[in-house]
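Step one of this worksheet: look at the structure below.
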Amino acid sequence: MLDAILLTLKLATLTTLILLILGIPLAWWLAQSRGLFKDMIATLVSMPLVLPPTVLGFYLLIALGPDSPLGQLLTSIFGAPLTFTFSGLVIGSVIFSLPFMVQPLRNTFESIGSRPLEVAATLRASPLDTFFSVVLPLSRQGLLTGSIMTFVHTLGEFGVVLMIGGNISGETKVLSIAMYDYVESLEWGKAHLIAGGMLCFSFIVILSVTLMERNSRKGSRL
Amino acid sequence: MLDAILLTLKLATLTTLILLILGIPLAWWLAQSRGLFKDMIATLVSMPLVLPPTVLGFYLLIALGPDSPLGQLLTSIFGAPLTFTFSGLVIGSVIFSLPFMVQPLRNTFESIGSRPLEVAATLRASPLDTFFSVVLPLSRQGLLTGSIMTFVHTLGEFGVVLMIGGNISGETKVLSIAMYDYVESLEWGKAHLIAGGMLCFSFIVILSVTLMERNSRKGSRL
Amino acid sequence: SQYLPADTARIAVSSNFTIAAQKLALLFEQTSTHTIQVSSGSTGKLYIQIRQGAPFDLLLAADMERPQRLFDEGYANTAAFIYATGKLVLWSRDLAEVSSGLDVLKSKAIRRLAIANPKTAPYGKAAQQVLDNSISSPYPWTLVKGDNIAQTYQFAASGNADAAFVARAQIALDQRGYAWDVPQSLYLPIHQGALLLKRGDNNPAAHAFYRFLQTDKAKSVIQHYGYISQ
Amino acid sequence: MNQNQSLNQSLNPNLKQSTPLHISFRTPLEHFTLDIDISIPSSGITVLFGPSGCGKTTLLRCIAGLHNAEHAQLSINGDLWERQGCEQQGVHLPAHQRAVGYVFQEPSLFPHLSVKNNLLFGHRRAKQQSPLSLEEVSQLLGISHLLQRMPDKLSGGEKQRISIGRALLSNPGILLMDEPLSALDYATKAEIIPYLEQLHERLSIPIIYVTHALAEVESLADHIVLLDQGRVTAQGPIKEMMLDLSAPLAHFSNAGSLLDAVVSHYDAAYDLTEFSVDGGTVTVPGNIGVVGTAKRIHLSASHISLTRQAALDSTIINILPVTILEISQADTAQCNVRLQLGKHSQILARITRRSKDKLALKTGDKLYAQIKGVSLVKR
Amino acid sequence: MNQNQSLNQSLNPNLKQSTPLHISFRTPLEHFTLDIDISIPSSGITVLFGPSGCGKTTLLRCIAGLHNAEHAQLSINGDLWERQGCEQQGVHLPAHQRAVGYVFQEPSLFPHLSVKNNLLFGHRRAKQQSPLSLEEVSQLLGISHLLQRMPDKLSGGEKQRISIGRALLSNPGILLMDEPLSALDYATKAEIIPYLEQLHERLSIPIIYVTHALAEVESLADHIVLLDQGRVTAQGPIKEMMLDLSAPLAHFSNAGSLLDAVVSHYDAAYDLTEFSVDGGTVTVPGNIGVVGTAKRIHLSASHISLTRQAALDSTIINILPVTILEISQADTAQCNVRLQLGKHSQILARITRRSKDKLALKTGDKLYAQIKGVSLVKR
Ligand SMILES: Nc1ncnc2c1ncn2[C@@H]1O[C@H](COP(=O)(O)OP(=O)(O)OP(=O)(O)O)[C@@H](O)[C@H]1O
Ligand SMILES: Nc1ncnc2c1ncn2[C@@H]1O[C@H](COP(=O)(O)OP(=O)(O)OP(=O)(O)O)[C@@H](O)[C@H]1O
Ligand SMILES: [Mg+2]
Ligand SMILES: [Mg+2]
């Protein structure tokens, strides 16, 4: 059980971090002046939500499997297939949670408007510098929302994870799968325990992060 | 199959509409001056994501079922239990998709700031009037994001729906479940067909809505 | 509404039996005025749903345990009968060696072996028994577990697992790959129980289908789909 | 007691007009406390004047109900809008129920509405139909050609004019204007100021007006309130305040005085208008109005020179006999001289101390005031 | 050719200082096209002056690289920053590589940074260390007590001063200021203006300054560009432009002239400073500077009266002999009179047409100019 808890936390944290790294530039690019192409990409970003997780997992399994060119490529890079490994789980979670990170970020980026960027440019800040010193600090709320949604969603997700993870203890058996197993095998007492624990844990974590963010924002105003 | 398509569309549309009606006031209330209590409620709003859908469905089934006081209450109101009915599906989807609507809305509402509200007040607009004539029009992007995420998520969701709906064709068997069934029963061709159809359909719908919103915004600028 | 005309029965079918059940329903409907609606799901889910008042008349489970529990708990007036017994096979898409038995599991040819989750799926439990009886751990391959027998088959069919313990039913209609029937001696029989629920007691359609299941016509269909049926 | 009063007034609408506005607020700010307790006339324009950061905007926000003060008492046009922190029961009319027209210091157009819909936002919500029309207001503010635009495509001054128009069209009971003309050019200002002057008469509503421009103070103010660090340092009718040599206004480098005048003659050949003022006539360029029109004239103190004899071969066309009433130091180099003009008027001159000594000026001396720099301001 | 030029200049840094700025932009706006093609001196303050909505802000945005013009040619301090729409290869230096200091028309502080970090934002990113320090600038702008605050708790004028400070501290090569003093009170302006005057000398950078306040034009401008509907209607050195009776400036109601002056004497008893100007002396209240200091004096045209004889018993202390050079109609009622003062100076007086006829003034007449309303402006 401890295995599963650690694995879950590791997966959720890693997914959130990776999605921050991937999602921030993507959302920023999408938030810049729009066009049909961007709107199409933005729509694509939401697509992982359309498919039921198990079905998405099924397609990922095929895409990452030995029959697909992508899977062969990845296998040759990583030395072994990524399916049924923790890395595979991370890839699946990242794809599935992409909209959770990108959508709130894009909205926040858009709400900043062009004035702060213009001001920063006249003060000799390069676009990259502006991004880090102006855009990101002004987007704290969006970053927080995106991270919380991603983290929480990864905690609860099991369809994709079950499919490409293969439920291997210590490697791909996360809490959500364990919980599901208990419900299915009618061991409800254990299911209640995990569900309660996860809810309490997430509640406390999210609330603390929210309060910390609020305080630090207040602090920077002193 | 037509049954399932119509049912899915009905469910996704209804869920989105209900969540707009519920989510807008909730998000607005959360976006107003903050406090510990509000932060706690905001955190609670994310909680449906923590539990795996099937597990959440399991608890909802129990909560709405004949053994629970809530279930008994609802049964006496509606004349029959809500579990395994379309109404039950809607309730489940609404609860599960709550964060998808509330989080983006809350962020957009917060980004409006207090100035437009103050200006509206000095121009004799009551808070309700201000909300409809200033806040909502300024929150179009957030409303759009929230609605799209909710709609799409409801399309793809099947864990909760399968659990409290019971896969009854014409009543609770939505496309995601049908797709799941086909994958499970190894009828992959049919599964591919539904998956492809759903992806295309959602892509077109979302893209059209996005473009329409953009055009109408541009139009109002003339 | 959930109340159907009396000549329609809803049967809840364990996922692994869905296709067979649909075929049976079709045959049944040809010879009677009744209609059958099939709802599939994992046996665990169906059990929970029935306890929570799901409008099912008949349950075709994947095991005997849960029908028995439902009977004990008063959700049915008659005990379950075995409508089918599952057969476990070792299957591989690419490895011809599986046809010659369990020895392949000791070779280096297999890196990943898929079984269904022993905790939730009867075929998983059976596969675990086979492994426990014939191979000592640690296994030379990674054991991956599908949520149900369908996922297990998908693992192997997509090439992600080199071999899998699946149900005969899954490969009965599709002659791809290489299969080896696991001797019945290596695992406890996978009896699948049919239970007429209290709700179906008053439903002529449910009764009729319940009886139809025990006809030879039905049994031959069930056998055709890879189950043992006496 | 206060409630009685407002009861009376709602019974007698005429009385309502004459009740002074009572404005009293106390609220802590970052570095000091805003602490104001004033009564100002219920008609005319009251100018709030004071250095940057002294609390002018905060005071307007308090009046509009956008800032909650600890202690507050606010009666406008005889109605009690707010009472906080005293023993009586608290009253706080929410902002949207206060009939204020507020021109914010920073442009605050609704970005989602066209210029026209911005202008009409308050108009449509006014309790009574505004006597002003969209056409009139946009004509006068020079924004008719902008009506279909969105606010993000406007220049700073255009935005400011639209904010003014929006506030005017909302048919306010009191107008709060926070530096409304700061971003406008001289010519536009010169068009809008007379309109604002007329306005408070036509609408007969009080206007509280924040500005840093003394020219605006002189041409618009009926009443002035000087603020510093959140406190009132002086206040009163503008005419008196300008002549009060101990008050701050007389010490500003552009001190002056105001004079009531009536058009008495128009010289069409030279395009000059002659005014009769108490104790003489004053001639001003241009055709100001028909004979009999009452106007207010501003005389800049530092542009008045005093002589013992009237110079005749000078281009100065306005020379008036005056008597010294008071001489007081304005700064280390200059004196303010308060002068009697005619029977009831007074004007202010600023001269160097050296001139004063050279001419040996003292109270009671009869002199001629040579006036360059007459500007017309009002009415 | 242009590239050759900029090549030469980078080889010879001294030459660089004296290359005029070449500013040429064409870009369509909502109702008209901005079409500018001017050269302005590479040092001193150039004032952009024109009615609301004439394109001033847009021009500054073009220079800063925030607005893309169809046709553009911009060389600043000898460097080619932009060239668009001509046959040669396009050049467009991105905004953050242009060493501009831009004070925006609307307050634009970063809401997430304290006042101090706002001020230092550009300072930290400057290529070379700025010669100005945070302490000096915040002292002078009167914002030292605000450094730890967040921008949302500032008054309008405070925000404006911080924007100015932020631009100054970024060590710009050219300073673009869009109505930087509009929200400031008289006293604060009076402190900041002399600082801005010094600044462009200390930093030796050109300043392009938008304002609607003529007082700021007179005290700050070296060069003036008048805009209307996107086009330049007149431009040139301020001293000449003010005396050019056919140019728009002389027709403004507050026309005037500028005079170079040197402190010649300080009368401690009366606190008066005497300046020697070409053709006489002018006395001004206060202790302006040590003997020998060069200053610029502004004389308001409408506050100069002309007499045939010098009045002696008047409080007017500045009386100078002048000769009429030119008389021209200013409006229907008034004339501008350009006067020769001493050998090389000229001043402007505004008189009524009637006075002109009464005194029968004509070119060549020798008169006395009585000057009230001397104000010191520069240097
Ligand atoms: N983004 C824009 N797109 C098109 N036209 C614009 C845009 N912004 C402003 N304009 C128009 O261009 C003209 C010039 O605007 P600009 O802001 O340069 O004026 P300005 O001279 O700075 O005026 P002000 O003194 O009022 O600030 C105005 O008529 C304005 O309506
Ligand atoms: N939200 C706020 N909370 C606390 N203090 C504030 C807030 N806003 C402004 N202040 C401070 O209160 C004082 C008065 O501000 P206010 O905006 O009323 O000044 P003002 O007189 O309008 O000045 P200006 O002419 O510069 O606009 C200033 O010192 C300012 O720093
Ligand atoms: Mg203010
Ligand atoms: Mg502008």
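Residues are named by chain letter and number: chains run A, B, ... in the order of the structure tokens, numbers start at 1 in each chain, and ligands are numbered from 1 in the order shown.
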
Write out as a tab-separated table the residues of chain E that have any atom within 10 Å of an atom of ligand 2, one row each with the nearest atom pair and its distance in Å to one decimal, counting only C-alpha atoms and all ligand atoms, sorted by chain and then rising number.
residue	atom	partner	partner_atom_place_in_ligand_line	distance
E:Ile143	CA	ligand 2	31 (O)	9.8
E:His145	CA	ligand 2	31 (O)	9.4
E:Leu146	CA	ligand 2	31 (O)	7.4
E:Arg149	CA	ligand 2	31 (O)	8.3
E:Met150	CA	ligand 2	2 (C)	9.5
E:Pro151	CA	ligand 2	8 (N)	8.7
E:Asp152	CA	ligand 2	1 (N)	6.2
E:Lys153	CA	ligand 2	7 (C)	3.8
E:Leu154	CA	ligand 2	31 (O)	4.0
E:Ser155	CA	ligand 2	17 (O)	3.4
E:Gly156	CA	ligand 2	27 (O)	3.8
E:Gly157	CA	ligand 2	26 (O)	3.1
E:Glu158	CA	ligand 2	26 (O)	5.2
E:Lys159	CA	ligand 2	26 (O)	7.5
E:Gln160	CA	ligand 2	26 (O)	8.0
E:Arg161	CA	ligand 2	26 (O)	9.0
E:Ser182	CA	ligand 2	25 (O)	9.9
E:Ala183	CA	ligand 2	25 (O)	6.2
E:Leu184	CA	ligand 2	25 (O)	6.2
E:Asp185	CA	ligand 2	25 (O)	6.8

List all protein, DNA and RNA residues that have an atom no more than 10 Å from any atom of ligand 3, counting only C-alpha atoms and all ligand atoms, and report them as a PyMOL selection string. (chain D and resi 50-61+104-106+178-179+210-211) or (chain E and resi 154-159+183-184)

Just to be explicit: take each residue in the selection above, keep N, CA and C atoms, and write the result as a tab-separated table (two decimals), in the first residue's frame.
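Contents of the output file selection30.tsv:
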chain	number	residue	atom	x	y	z
D	50	GLY	N	-5.62	70.46	-4.21
D	50	GLY	CA	-4.61	70.05	-3.24
D	50	GLY	C	-3.53	69.24	-3.92
D	51	PRO	N	-2.39	69.09	-3.28
D	51	PRO	CA	-1.26	68.40	-3.91
D	51	PRO	C	-1.56	66.93	-4.18
D	52	SER	N	-0.74	66.35	-5.04
D	52	SER	CA	-0.86	64.94	-5.38
D	52	SER	C	-0.82	64.08	-4.13
D	53	GLY	N	-1.76	63.18	-4.01
D	53	GLY	CA	-1.77	62.26	-2.88
D	53	GLY	C	-2.37	62.82	-1.61
D	54	CYS	N	-3.12	63.94	-1.70
D	54	CYS	CA	-3.65	64.52	-0.46
D	54	CYS	C	-5.00	63.93	-0.10
D	55	GLY	N	-5.60	63.14	-0.96
D	55	GLY	CA	-6.85	62.48	-0.59
D	55	GLY	C	-8.07	62.91	-1.38
D	56	LYS	N	-7.88	63.59	-2.48
D	56	LYS	CA	-9.02	64.08	-3.25
D	56	LYS	C	-9.84	62.93	-3.83
D	57	THR	N	-9.14	62.03	-4.49
D	57	THR	CA	-9.83	60.90	-5.10
D	57	THR	C	-10.53	60.07	-4.02
D	58	THR	N	-9.85	59.86	-2.92
D	58	THR	CA	-10.45	59.08	-1.85
D	58	THR	C	-11.74	59.73	-1.36
D	59	LEU	N	-11.75	61.04	-1.26
D	59	LEU	CA	-12.95	61.74	-0.82
D	59	LEU	C	-14.10	61.52	-1.82
D	60	LEU	N	-13.79	61.64	-3.10
D	60	LEU	CA	-14.84	61.39	-4.09
D	60	LEU	C	-15.35	59.95	-4.00
D	61	ARG	N	-14.44	59.02	-3.78
D	61	ARG	CA	-14.85	57.62	-3.66
D	61	ARG	C	-15.76	57.41	-2.46
D	104	PHE	N	-14.11	59.17	-13.46
D	104	PHE	CA	-12.94	58.66	-12.75
D	104	PHE	C	-11.65	59.31	-13.24
D	105	GLN	N	-10.65	59.28	-12.38
D	105	GLN	CA	-9.38	59.90	-12.74
D	105	GLN	C	-8.71	59.14	-13.89
D	106	GLU	N	-8.83	57.82	-13.86
D	106	GLU	CA	-8.24	57.02	-14.93
D	106	GLU	C	-9.35	56.60	-15.87
D	178	ASP	N	-13.13	63.86	-11.41
D	178	ASP	CA	-11.76	63.76	-10.93
D	178	ASP	C	-10.81	64.12	-12.07
D	179	GLU	N	-10.35	65.33	-12.09
D	179	GLU	CA	-9.47	65.82	-13.15
D	179	GLU	C	-10.00	65.47	-14.54
D	210	VAL	N	-12.37	67.96	-9.10
D	210	VAL	CA	-10.97	67.92	-8.69
D	210	VAL	C	-10.12	68.42	-9.84
D	211	THR	N	-9.24	69.32	-9.58
D	211	THR	CA	-8.33	69.74	-10.64
D	211	THR	C	-7.03	70.25	-10.05
E	154	LEU	N	-1.86	53.55	-4.71
E	154	LEU	CA	-1.27	54.86	-4.97
E	154	LEU	C	-2.31	55.79	-5.59
E	155	SER	N	-2.09	57.07	-5.41
E	155	SER	CA	-2.97	58.04	-6.07
E	155	SER	C	-2.51	58.20	-7.52
E	156	GLY	N	-3.37	58.83	-8.31
E	156	GLY	CA	-3.06	59.00	-9.73
E	156	GLY	C	-1.74	59.72	-9.97
E	157	GLY	N	-1.51	60.79	-9.25
E	157	GLY	CA	-0.29	61.56	-9.42
E	157	GLY	C	0.94	60.78	-8.98
E	158	GLU	N	0.77	59.99	-7.93
E	158	GLU	CA	1.89	59.18	-7.46
E	158	GLU	C	2.30	58.16	-8.52
E	159	LYS	N	1.30	57.53	-9.12
E	159	LYS	CA	1.60	56.56	-10.18
E	159	LYS	C	2.35	57.24	-11.32
E	183	ALA	N	-1.26	64.78	-14.43
E	183	ALA	CA	-2.03	64.56	-13.21
E	183	ALA	C	-1.38	65.20	-11.99
E	184	LEU	N	-0.42	66.09	-12.23
E	184	LEU	CA	0.31	66.62	-11.08
E	184	LEU	C	-0.10	68.03	-10.74

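Contact shell of Phe165 in chain C at 7 Å (only C-alpha atoms; same-chain neighbours under 5 positions omitted): Leu88, Val89, Leu90, Trp91, Ala114, Ile115 and Ala127 of chain C.
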
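Checking E:Gln235, E:Asn68, E:Asn171, E:Ser42 one by one against ligand 1, counting only C-alpha atoms and all ligand atoms, you find the shortest gap at E:Asn68.
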
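Residue-level contact on chain D: within 7 Å of chain B, counting only C-alpha atoms, the set is Ala64, Leu66, Ala95, His96, Gln97, Val100, Gly101, Tyr102, Phe110, His112, Ser114, Phe121, Gly122, Arg125, Ala126, Gln148, Arg149, Met150 and Ser170 of chain D.
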
Save the residues we just selected, N, CA and C atoms, as a CSV table (one decimal), in the first residue's frame?
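Saved the output as again.csv:
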chain,number,residue,atom,x,y,z
D,64,ALA,N,-19.2,58.7,-3.4
D,64,ALA,CA,-19.9,57.8,-4.3
D,64,ALA,C,-20.2,56.5,-3.7
D,66,LEU,N,-18.0,54.1,-2.8
D,66,LEU,CA,-17.0,53.1,-3.3
D,66,LEU,C,-16.0,52.8,-2.3
D,95,ALA,N,-23.7,52.1,-3.5
D,95,ALA,CA,-23.2,53.0,-4.5
D,95,ALA,C,-24.2,53.1,-5.6
D,96,HIS,N,-24.9,52.0,-6.0
D,96,HIS,CA,-25.7,52.1,-7.2
D,96,HIS,C,-27.1,52.8,-6.9
D,97,GLN,N,-27.3,53.0,-5.6
D,97,GLN,CA,-28.5,53.8,-5.3
D,97,GLN,C,-28.2,55.3,-5.1
D,100,VAL,N,-25.0,59.6,-8.3
D,100,VAL,CA,-23.8,60.3,-8.6
D,100,VAL,C,-23.5,60.1,-10.1
D,101,GLY,N,-22.9,61.1,-10.7
D,101,GLY,CA,-22.2,60.9,-11.9
D,101,GLY,C,-20.7,61.0,-11.6
D,102,TYR,N,-20.0,60.0,-11.9
D,102,TYR,CA,-18.6,60.0,-11.5
D,102,TYR,C,-17.7,59.9,-12.7
D,110,PHE,N,-16.1,50.8,-20.4
D,110,PHE,CA,-16.3,49.3,-20.5
D,110,PHE,C,-15.7,48.8,-21.8
D,112,HIS,N,-16.1,46.2,-23.4
D,112,HIS,CA,-16.9,45.3,-24.3
D,112,HIS,C,-18.0,46.1,-24.9
D,114,SER,N,-19.4,49.5,-27.2
D,114,SER,CA,-19.0,50.5,-28.1
D,114,SER,C,-19.1,51.9,-27.4
D,121,PHE,N,-25.0,53.7,-21.2
D,121,PHE,CA,-25.1,52.8,-20.1
D,121,PHE,C,-25.8,53.4,-18.9
D,122,GLY,N,-25.4,54.5,-18.5
D,122,GLY,CA,-26.1,55.2,-17.3
D,122,GLY,C,-27.4,55.8,-17.7
D,125,ARG,N,-30.3,53.6,-17.5
D,125,ARG,CA,-30.6,53.2,-16.1
D,125,ARG,C,-31.1,54.3,-15.2
D,126,ALA,N,-31.1,55.5,-15.8
D,126,ALA,CA,-31.5,56.7,-14.9
D,126,ALA,C,-32.9,56.6,-14.5
D,148,GLN,N,-19.4,54.7,-33.0
D,148,GLN,CA,-19.4,53.3,-33.3
D,148,GLN,C,-18.1,52.6,-32.9
D,149,ARG,N,-17.1,53.3,-32.4
D,149,ARG,CA,-15.9,52.7,-32.2
D,149,ARG,C,-15.9,51.9,-30.9
D,150,MET,N,-14.9,51.0,-30.7
D,150,MET,CA,-14.7,50.3,-29.5
D,150,MET,C,-13.6,51.1,-28.7
D,170,SER,N,-26.0,60.2,-17.4
D,170,SER,CA,-26.7,59.3,-16.4
D,170,SER,C,-27.6,60.1,-15.5

Near Ala54 in chain C, counting only C-alpha atoms, which residues have an atom at most 7 Å away, once you skip same-chain residues fewer than 4 positions from it, shown as a PyMOL selection string? (chain B and resi 84) or (chain C and resi 49-50)

Define the interface residues of chain C facing chain B as those within 10 Å, counting only C-alpha atoms, and report them as a PyMOL selection string. chain C and resi 1-2+10-12+15-19+37-41+45-46+48-56+148-154+157+170

Can you write out as a tab-separated table which residues of chain A fall within 8 Å of chain B, alongside each residue's closest atom pair and its distance in Å to one decimal, counting only C-alpha atoms and ordering rows by chain and ascending residue number?
residue	atom	partner	partner_atom	distance
A:Asp39	CA	B:Leu207	CA	6.7
A:Met40	CA	B:Leu207	CA	6.5
A:Thr43	CA	B:Leu207	CA	6.1
A:Leu44	CA	B:Phe203	CA	7.1
A:Ser46	CA	B:Met149	CA	7.2
A:Met47	CA	B:Leu199	CA	6.8
A:Leu49	CA	B:His153	CA	5.3
A:Val50	CA	B:Gly156	CA	4.4
A:Leu51	CA	B:Gly156	CA	4.5
A:Pro52	CA	B:Gly156	CA	4.4
A:Pro53	CA	B:Gly156	CA	7.4
A:Thr54	CA	B:Tyr180	CA	7.1
A:Val55	CA	B:Tyr180	CA	6.4
A:Gln103	CA	B:Thr145	CA	7.0
A:Pro104	CA	B:Pro104	CA	6.0
A:Asn107	CA	B:Gly142	CA	7.0
A:Thr108	CA	B:Asn107	CA	7.5
A:Ser111	CA	B:Ser111	CA	6.7
A:Gln141	CA	B:Asn107	CA	7.0
A:Gly142	CA	B:Asn107	CA	6.9
A:Thr145	CA	B:Gln103	CA	7.0
A:Met149	CA	B:Ser46	CA	7.2
A:Val152	CA	B:Val50	CA	5.1
A:His153	CA	B:Leu49	CA	5.2
A:Thr154	CA	B:Val50	CA	7.9
A:Leu155	CA	B:Val50	CA	5.7
A:Gly156	CA	B:Pro52	CA	4.3
A:Glu157	CA	B:Pro52	CA	5.5
A:Phe158	CA	B:Pro52	CA	6.2
A:Ser176	CA	B:Pro52	CA	5.8
A:Met179	CA	B:Val55	CA	7.3
A:Tyr180	CA	B:Val55	CA	6.3
A:Val183	CA	B:Val55	CA	7.0
A:Ala195	CA	B:Leu51	CA	6.7
A:Met198	CA	B:Val50	CA	7.1
A:Leu199	CA	B:Val50	CA	6.6
A:Ser202	CA	B:Val50	CA	7.3
A:Phe203	CA	B:Thr43	CA	6.3
A:Ile206	CA	B:Thr43	CA	6.3
A:Leu207	CA	B:Thr43	CA	6.1
A:Thr210	CA	B:Asp39	CA	7.2
A:Leu211	CA	B:Asp39	CA	7.7

Would you mind exporting C-alpha atoms of the selected residues as a compact mmCIF listing (two decimals), in the first residue's frame?
# COMPACT_ATOMS: atom_id res chain seq x y z
CA ASP A 39 -7.75 27.78 -32.83
CA MET A 40 -7.39 24.33 -34.33
CA THR A 43 -9.25 22.58 -29.99
CA LEU A 44 -6.94 19.61 -30.35
CA SER A 46 -9.15 19.47 -25.50
CA MET A 47 -9.50 16.26 -27.49
CA LEU A 49 -11.10 14.55 -22.83
CA VAL A 50 -13.49 13.41 -25.54
CA LEU A 51 -12.50 9.77 -25.41
CA PRO A 52 -13.30 7.62 -22.40
CA PRO A 53 -10.07 7.13 -20.46
CA THR A 54 -10.00 3.39 -21.04
CA VAL A 55 -10.44 3.91 -24.74
CA GLN A 103 -6.83 25.87 -20.77
CA PRO A 104 -6.57 27.83 -17.50
CA ASN A 107 -7.09 32.18 -20.24
CA THR A 108 -4.86 33.83 -17.68
CA SER A 111 -6.30 38.32 -19.59
CA GLN A 141 -3.76 32.25 -10.23
CA GLY A 142 -3.85 30.42 -13.55
CA THR A 145 -5.51 26.40 -10.94
CA MET A 149 -6.48 20.47 -11.57
CA VAL A 152 -5.93 16.13 -8.64
CA HIS A 153 -6.94 14.67 -11.93
CA THR A 154 -3.83 12.50 -12.04
CA LEU A 155 -4.58 11.29 -8.54
CA GLY A 156 -8.03 10.16 -9.56
CA GLU A 157 -7.37 8.98 -13.07
CA PHE A 158 -7.23 5.24 -13.51
CA SER A 176 -6.74 4.86 -7.89
CA MET A 179 -9.25 1.72 -4.87
CA TYR A 180 -11.01 0.49 -7.96
CA VAL A 183 -14.62 -1.63 -4.99
CA ALA A 195 -11.02 7.17 -0.74
CA MET A 198 -7.12 10.57 -0.68
CA LEU A 199 -9.87 13.12 -0.20
CA SER A 202 -5.89 16.34 -1.42
CA PHE A 203 -8.10 18.69 0.50
CA ILE A 206 -4.82 22.07 -2.13
CA LEU A 207 -6.00 24.25 0.69
CA THR A 210 -4.04 28.07 -1.98
CA LEU A 211 -3.40 29.73 1.37

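Excluding Leu93 in chain D itself and same-chain residues fewer than 6 positions from it, the residues having an atom within 8 Å of it are Gly65, Trp81 and Glu82 of chain D, counting only C-alpha atoms.
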
With a distance cut-off of 9 Å and only C-alpha atoms, select the neighbouring residues of Leu220 in chain E, excluding the residue or stretch itself and same-chain residues fewer than 4 positions from it, and output the selection as a PyMOL selection string. chain E and resi 44-47+193-194+196-197+209+215-216+377-378

Chain E near chain D within 7 Å: what's each residue's closest atom pair and its distance in Å to one decimal, counting only C-alpha atoms, ordered by chain then ascending residue number, as a Markdown table?
| residue | atom | partner | partner_atom | distance |
| --- | --- | --- | --- | --- |
| E:Pro51 | CA | D:Asp185 | CA | 5.4 |
| E:Ser52 | CA | D:Gly157 | CA | 5.3 |
| E:Gly53 | CA | D:Ser155 | CA | 5.4 |
| E:Ser155 | CA | D:Gly53 | CA | 5.4 |
| E:Gly157 | CA | D:Ser52 | CA | 5.3 |
| E:Glu158 | CA | D:Gly53 | CA | 6.6 |
| E:Ser182 | CA | D:Ser182 | CA | 5.7 |
| E:Ala183 | CA | D:Ser182 | CA | 6.6 |
| E:Leu184 | CA | D:Ser52 | CA | 6.1 |
| E:Asp185 | CA | D:His212 | CA | 4.8 |
| E:Tyr186 | CA | D:His212 | CA | 6.4 |
| E:His212 | CA | D:Asp185 | CA | 4.7 |
| E:Tyr270 | CA | D:Ala333 | CA | 5.6 |
| E:Asp271 | CA | D:Ala333 | CA | 4.9 |
| E:Leu272 | CA | D:Ala333 | CA | 6.2 |
| E:Pro285 | CA | D:Ala333 | CA | 5.2 |
| E:Gly286 | CA | D:Ala333 | CA | 5.9 |
| E:Ser302 | CA | D:Gly373 | CA | 6.2 |
| E:His303 | CA | D:Lys372 | CA | 5.5 |
| E:Ser305 | CA | D:Thr315 | CA | 5.4 |
| E:Leu306 | CA | D:Thr315 | CA | 5.2 |
| E:Thr307 | CA | D:Ser314 | CA | 4.1 |
| E:Arg308 | CA | D:Asp313 | CA | 6.0 |
| E:Asp313 | CA | D:Thr307 | CA | 5.6 |
| E:Ser314 | CA | D:Thr307 | CA | 4.1 |
| E:Thr315 | CA | D:Ser355 | CA | 5.1 |
| E:Ile316 | CA | D:Ser305 | CA | 5.8 |
| E:Thr332 | CA | D:Asp271 | CA | 6.3 |
| E:Ala333 | CA | D:Asp271 | CA | 4.9 |
| E:Gln334 | CA | D:Pro285 | CA | 6.9 |
| E:Ile351 | CA | D:Thr315 | CA | 6.4 |
| E:Arg353 | CA | D:Tyr270 | CA | 6.2 |
| E:Arg354 | CA | D:Tyr270 | CA | 5.9 |
| E:Ser355 | CA | D:Thr315 | CA | 5.2 |
| E:Leu359 | CA | D:Asp313 | CA | 6.6 |
| E:Lys372 | CA | D:His303 | CA | 5.5 |
| E:Gly373 | CA | D:His303 | CA | 6.0 |
